[in-house]
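Raw structure.cif, mmCIF, C-alpha atoms:
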```
data_upload
loop_
_atom_site.group_PDB
_atom_site.id
_atom_site.type_symbol
_atom_site.label_atom_id
_atom_site.label_comp_id
_atom_site.auth_asym_id
_atom_site.auth_seq_id
_atom_site.Cartn_x
_atom_site.Cartn_y
_atom_site.Cartn_z
ATOM 1 C CA MET A 1 -44.336 142.913 46.617
ATOM 2 C CA ALA A 2 -42.765 140.296 44.353
ATOM 3 C CA ALA A 3 -39.009 140.183 43.894
ATOM 4 C CA LYS A 4 -38.239 141.277 40.341
ATOM 5 C CA VAL A 5 -35.144 140.782 38.200
ATOM 6 C CA GLY A 6 -32.466 143.108 39.573
ATOM 7 C CA ASP A 7 -33.921 143.181 43.103
ATOM 8 C CA PRO A 8 -32.138 141.746 46.119
ATOM 9 C CA ALA A 9 -33.442 138.216 46.623
ATOM 10 C CA PRO A 10 -35.750 137.906 49.644
ATOM 11 C CA ASP A 11 -33.921 136.235 52.502
ATOM 12 C CA PHE A 12 -35.157 132.893 53.773
ATOM 13 C CA GLU A 13 -34.474 130.174 56.276
ATOM 14 C CA LEU A 14 -36.398 126.947 55.680
ATOM 15 C CA ALA A 15 -36.238 123.380 56.907
ATOM 16 C CA GLY A 16 -35.595 120.950 54.113
ATOM 17 C CA SER A 17 -34.709 117.449 53.129
ATOM 18 C CA GLY A 18 -31.647 115.837 54.581
ATOM 19 C CA GLU A 19 -32.502 117.137 58.074
ATOM 20 C CA ARG A 20 -31.048 120.499 57.151
ATOM 21 C CA ILE A 21 -31.902 124.178 57.466
ATOM 22 C CA TYR A 22 -31.388 126.086 54.212
ATOM 23 C CA ARG A 23 -30.658 129.819 54.203
ATOM 24 C CA LEU A 24 -30.320 132.161 51.242
ATOM 25 C CA THR A 25 -27.067 133.443 52.732
ATOM 26 C CA ASP A 26 -25.592 129.925 52.347
ATOM 27 C CA TYR A 27 -25.442 130.654 48.602
ATOM 28 C CA GLU A 28 -23.590 133.961 48.723
ATOM 29 C CA GLY A 29 -20.735 133.661 46.256
ATOM 30 C CA THR A 30 -22.235 130.765 44.293
ATOM 31 C CA GLY A 31 -25.855 131.689 43.672
ATOM 32 C CA VAL A 32 -28.812 129.320 43.693
ATOM 33 C CA VAL A 33 -31.612 128.150 41.421
ATOM 34 C CA LEU A 34 -34.988 128.119 43.198
ATOM 35 C CA ALA A 35 -37.648 125.896 41.640
ATOM 36 C CA PHE A 36 -41.015 126.709 43.255
ATOM 37 C CA TYR A 37 -43.705 124.095 42.670
ATOM 38 C CA PRO A 38 -47.266 123.392 43.845
ATOM 39 C CA GLY A 39 -46.934 119.956 45.411
ATOM 40 C CA ASP A 40 -45.162 116.664 45.941
ATOM 41 C CA PHE A 41 -46.492 113.632 44.056
ATOM 42 C CA THR A 42 -48.622 115.680 41.629
ATOM 43 C CA ALA A 43 -48.368 114.722 37.958
ATOM 44 C CA VAL A 44 -46.474 117.718 36.555
ATOM 45 C CA CYS A 45 -44.285 118.208 39.644
ATOM 46 C CA THR A 46 -43.285 114.549 39.507
ATOM 47 C CA LYS A 47 -42.457 114.855 35.798
ATOM 48 C CA GLN A 48 -40.483 118.070 36.462
ATOM 49 C CA PHE A 49 -38.309 116.744 39.274
ATOM 50 C CA CYS A 50 -37.810 113.369 37.575
ATOM 51 C CA SER A 51 -36.547 115.260 34.509
ATOM 52 C CA TYR A 52 -34.005 117.037 36.737
ATOM 53 C CA ARG A 53 -33.035 113.670 38.241
ATOM 54 C CA ASP A 54 -32.566 112.171 34.790
ATOM 55 C CA ALA A 55 -30.406 115.155 33.764
ATOM 56 C CA GLY A 56 -28.261 114.851 36.890
ATOM 57 C CA ASP A 57 -24.988 115.659 35.123
ATOM 58 C CA GLN A 58 -26.478 118.850 33.681
ATOM 59 C CA VAL A 59 -27.870 119.853 37.088
ATOM 60 C CA GLU A 60 -24.415 119.316 38.608
ATOM 61 C CA SER A 61 -22.716 121.315 35.851
ATOM 62 C CA LEU A 62 -24.871 124.428 36.418
ATOM 63 C CA GLY A 63 -22.225 125.738 38.784
ATOM 64 C CA MET A 64 -24.848 126.607 41.375
ATOM 65 C CA PRO A 65 -27.122 124.445 43.494
ATOM 66 C CA MET A 66 -30.791 123.920 42.696
ATOM 67 C CA LEU A 67 -33.438 123.790 45.409
ATOM 68 C CA GLY A 68 -37.126 122.918 45.166
ATOM 69 C CA VAL A 69 -39.553 124.939 47.310
ATOM 70 C CA SER A 70 -43.188 124.026 48.026
ATOM 71 C CA PRO A 71 -45.669 124.203 50.906
ATOM 72 C CA GLN A 72 -45.543 120.512 51.860
ATOM 73 C CA SER A 73 -43.832 119.297 55.016
ATOM 74 C CA VAL A 74 -40.282 117.992 55.226
ATOM 75 C CA ASP A 75 -41.732 114.493 55.787
ATOM 76 C CA SER A 76 -43.634 114.736 52.502
ATOM 77 C CA HIS A 77 -40.495 115.970 50.737
ATOM 78 C CA GLU A 78 -38.435 113.089 52.133
ATOM 79 C CA ARG A 79 -41.003 110.556 50.852
ATOM 80 C CA PHE A 80 -41.082 112.288 47.435
ATOM 81 C CA ILE A 81 -37.278 112.194 47.206
ATOM 82 C CA ASN A 82 -36.937 108.610 48.430
ATOM 83 C CA GLU A 83 -39.719 107.112 46.309
ATOM 84 C CA LEU A 84 -38.455 108.753 43.108
ATOM 85 C CA SER A 85 -34.690 108.907 43.837
ATOM 86 C CA LEU A 86 -34.685 112.674 43.313
ATOM 87 C CA ASN A 87 -31.427 114.639 43.345
ATOM 88 C CA VAL A 88 -32.681 118.143 44.212
ATOM 89 C CA PRO A 89 -33.068 119.125 47.888
ATOM 90 C CA LEU A 90 -36.630 120.164 48.751
ATOM 91 C CA LEU A 91 -37.544 122.949 51.192
ATOM 92 C CA ALA A 92 -40.748 123.182 53.232
ATOM 93 C CA ASP A 93 -42.416 126.598 52.904
ATOM 94 C CA GLU A 94 -45.477 125.492 54.852
ATOM 95 C CA ASP A 95 -46.803 128.997 55.570
ATOM 96 C CA LYS A 96 -45.926 130.125 52.012
ATOM 97 C CA ALA A 97 -44.072 133.182 53.375
ATOM 98 C CA VAL A 98 -41.068 132.630 51.105
ATOM 99 C CA SER A 99 -43.283 131.894 48.102
ATOM 100 C CA ARG A 100 -45.171 135.136 48.772
ATOM 101 C CA ALA A 101 -41.911 137.100 49.130
ATOM 102 C CA TYR A 102 -40.851 135.840 45.701
ATOM 103 C CA GLY A 103 -44.304 136.607 44.262
ATOM 104 C CA VAL A 104 -45.180 133.084 43.200
ATOM 105 C CA VAL A 105 -48.472 132.558 45.067
ATOM 106 C CA GLY A 106 -51.561 132.838 42.875
ATOM 107 C CA LEU A 107 -54.800 134.579 43.760
ATOM 108 C CA VAL A 108 -56.351 131.441 45.240
ATOM 109 C CA GLY A 109 -53.308 130.754 47.423
ATOM 110 C CA ILE A 110 -51.694 128.041 45.316
ATOM 111 C CA VAL A 111 -47.939 128.203 44.789
ATOM 112 C CA ARG A 112 -47.266 128.675 41.092
ATOM 113 C CA ARG A 113 -44.594 126.781 39.244
ATOM 114 C CA ALA A 114 -41.687 129.212 39.002
ATOM 115 C CA LEU A 115 -37.977 129.302 38.462
ATOM 116 C CA ILE A 116 -35.874 132.024 40.074
ATOM 117 C CA VAL A 117 -32.114 132.298 39.538
ATOM 118 C CA VAL A 118 -30.270 134.223 42.239
ATOM 119 C CA ASP A 119 -26.653 135.191 41.568
ATOM 120 C CA GLY A 120 -23.726 135.025 43.996
ATOM 121 C CA GLU A 121 -24.450 138.573 45.171
ATOM 122 C CA LEU A 122 -27.960 137.372 46.124
ATOM 123 C CA VAL A 123 -29.702 139.387 43.433
ATOM 124 C CA VAL A 124 -32.575 137.969 41.353
ATOM 125 C CA ARG A 125 -31.241 137.545 37.794
ATOM 126 C CA HIS A 126 -33.909 135.358 36.177
ATOM 127 C CA ARG A 127 -37.591 134.937 36.920
ATOM 128 C CA ASP A 128 -40.107 132.723 35.148
ATOM 129 C CA VAL A 129 -43.519 132.254 36.783
ATOM 130 C CA LYS A 130 -46.037 130.053 35.004
ATOM 131 C CA ARG A 131 -49.666 131.200 34.929
ATOM 132 C CA LEU A 132 -50.743 127.588 34.557
ATOM 133 C CA GLY A 133 -48.944 124.718 36.203
ATOM 134 C CA ALA A 134 -48.927 122.448 33.160
ATOM 135 C CA SER A 135 -45.396 123.345 32.024
ATOM 136 C CA TYR A 136 -42.022 123.940 33.615
ATOM 137 C CA GLU A 137 -38.554 125.108 32.637
ATOM 138 C CA THR A 138 -36.418 122.227 31.423
ATOM 139 C CA ILE A 139 -32.816 121.750 32.448
ATOM 140 C CA ASP A 140 -31.813 123.221 29.060
ATOM 141 C CA ASP A 141 -33.865 126.358 29.855
ATOM 142 C CA ILE A 142 -32.180 126.565 33.260
ATOM 143 C CA GLU A 143 -28.716 126.177 31.713
ATOM 144 C CA ARG A 144 -29.443 129.106 29.377
ATOM 145 C CA ALA A 145 -30.711 131.267 32.248
ATOM 146 C CA VAL A 146 -27.618 130.540 34.343
ATOM 147 C CA ALA A 147 -25.268 131.084 31.381
ATOM 148 C CA ALA A 148 -26.863 134.487 30.703
ATOM 149 C CA ILE A 149 -25.808 135.804 34.120
ATOM 150 C CA ARG A 150 -22.220 134.555 33.997
#
```
Now, as a test, write the supplied structure out as structure tokens.
Amino acid sequence: MAAKVGDPAPDFELAGSGERIYRLTDYEGTGVVLAFYPGDFTAVCTKQFCSYRDAGDQVESLGMPMLGVSPQSVDSHERFINELSLNVPLLADEDKAVSRAYGVVGLVGIVRRALIVVDGELVVRHRDVKRLGASYETIDDIERAVAAIR
């Protein structure tokens, strides 16, 4: 069952970039923006995360951290970050359990591009799941979503 707006955010613990383990509970009090995406080094994902890199000041001013989540390994994420100088930590959901808990896995098993905003009480407050992976929420869209829950 997919987490809907107003539901408690599904808990997670995932390995990620920077040799770190990321837990939902780490963001109690601040909230977190979760950007689910299909894959490192793909055309739209590269454009998406480079746009967040290029809008680094806006990402920082959100008042809550942003994390990318996809099924690739931590090694793949580290290469993606290093080659493109990305500024968003990336988490490895290799078995897609977290993506399934958030309801962002399509019928053929591909992680859909999605943006989930979880507030400081760890409740889902914004959810945008793309049917097709050709578009993504811009940093301006994310700013509006975060502002709406403050």
Extract, using all atoms listed in the file, all DNA, RNA and protein residues at most 10 Å from Arg113 (chain A), discarding same-chain residues fewer than 2 positions from it, and format them as a list of chain:residue names. A:Ala35, A:Phe36, A:Tyr37, A:Pro38, A:Gly39, A:Val44, A:Cys45, A:Val69, A:Ser70, A:Val104, A:Val105, A:Gly106, A:Ile110, A:Val111, A:Leu115, A:Asp128, A:Val129, A:Lys130, A:Arg131, A:Leu132, A:Gly133, A:Ala134, A:Ser135, A:Tyr136, A:Glu137
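Of the listed residues (A:Ile21, A:Val33, A:Ala145, A:Leu62), A:Val33 comes nearest to Ala9 (chain A); the distances count only C-alpha atoms.
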For Glu13 (chain A), which of A:Asn87, A:Ala97, A:Val108, A:Asp119 is the closest residue, counting only C-alpha atoms? A:Ala97
Could you tell me which residues the PyMOL selection byres ((chain A and resi 3) around 10) returns for this structure, as a JSON list (two decimals) with C-alpha atoms, in the frame of the given file?
```json
[["chain", "number", "residue", "atom", "x", "y", "z"],
["A", 1, "MET", "CA", -44.34, 142.91, 46.62],
["A", 2, "ALA", "CA", -42.76, 140.30, 44.35],
["A", 4, "LYS", "CA", -38.24, 141.28, 40.34],
["A", 5, "VAL", "CA", -35.14, 140.78, 38.20],
["A", 6, "GLY", "CA", -32.47, 143.11, 39.57],
["A", 7, "ASP", "CA", -33.92, 143.18, 43.10],
["A", 8, "PRO", "CA", -32.14, 141.75, 46.12],
["A", 9, "ALA", "CA", -33.44, 138.22, 46.62],
["A", 10, "PRO", "CA", -35.75, 137.91, 49.64],
["A", 100, "ARG", "CA", -45.17, 135.14, 48.77],
["A", 101, "ALA", "CA", -41.91, 137.10, 49.13],
["A", 102, "TYR", "CA", -40.85, 135.84, 45.70],
["A", 103, "GLY", "CA", -44.30, 136.61, 44.26],
["A", 104, "VAL", "CA", -45.18, 133.08, 43.20],
["A", 116, "ILE", "CA", -35.87, 132.02, 40.07],
["A", 123, "VAL", "CA", -29.70, 139.39, 43.43],
["A", 124, "VAL", "CA", -32.58, 137.97, 41.35],
["A", 127, "ARG", "CA", -37.59, 134.94, 36.92]]
```
Using all atoms listed in the file, which of A:Thr46, A:His77, A:Pro65, A:Asp57 sits nearest Gly18 (chain A)? A:His77
Quote the spacing between CA of Gly16 (chain A) and CA of Arg79 (chain A) in Å to one decimal place.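 One can read the CA of Gly16 (chain A) to CA of Arg79 (chain A) distance as 12.2 Å.
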Between A:Gln72, A:Thr30, A:Asp140, A:Arg125, smallest distance to Thr42 (chain A) by only C-alpha atoms belongs to A:Gln72
Using all atoms listed in the file for the distances, tell me which of A:Asp141, A:Leu14, A:Val117, A:Asn82 is nearest to Lys96 (chain A).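 Looking at the shortest contact to Lys96 (chain A), the residue is A:Leu14.
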Which residues would end up in the selection if the PyMOL selection byres ((chain A and resi 25) around 10) were applied here, given that I need the answer as a VMD selection string? chain A and resid 11 to 13 22 to 24 26 to 29 31 120 to 122
Would you mind listing what lies within 12 Å of Asp75 (chain A) as a count of residues only, with all atoms listed in the file counted and same-chain residues fewer than 3 positions away left out? 17
re CA of Ala43 (chain A) and CA of Val146 (chain A): distance 26.3 Å
Have a look at A:Ala114, A:Glu143, A:Met64, A:Gly56 and name the one nearest to Val32 (chain A); count all atoms listed in the file.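 Of A:Ala114, A:Glu143, A:Met64, A:Gly56, the one nearest Val32 (chain A) is A:Met64, counting all atoms listed in the file.
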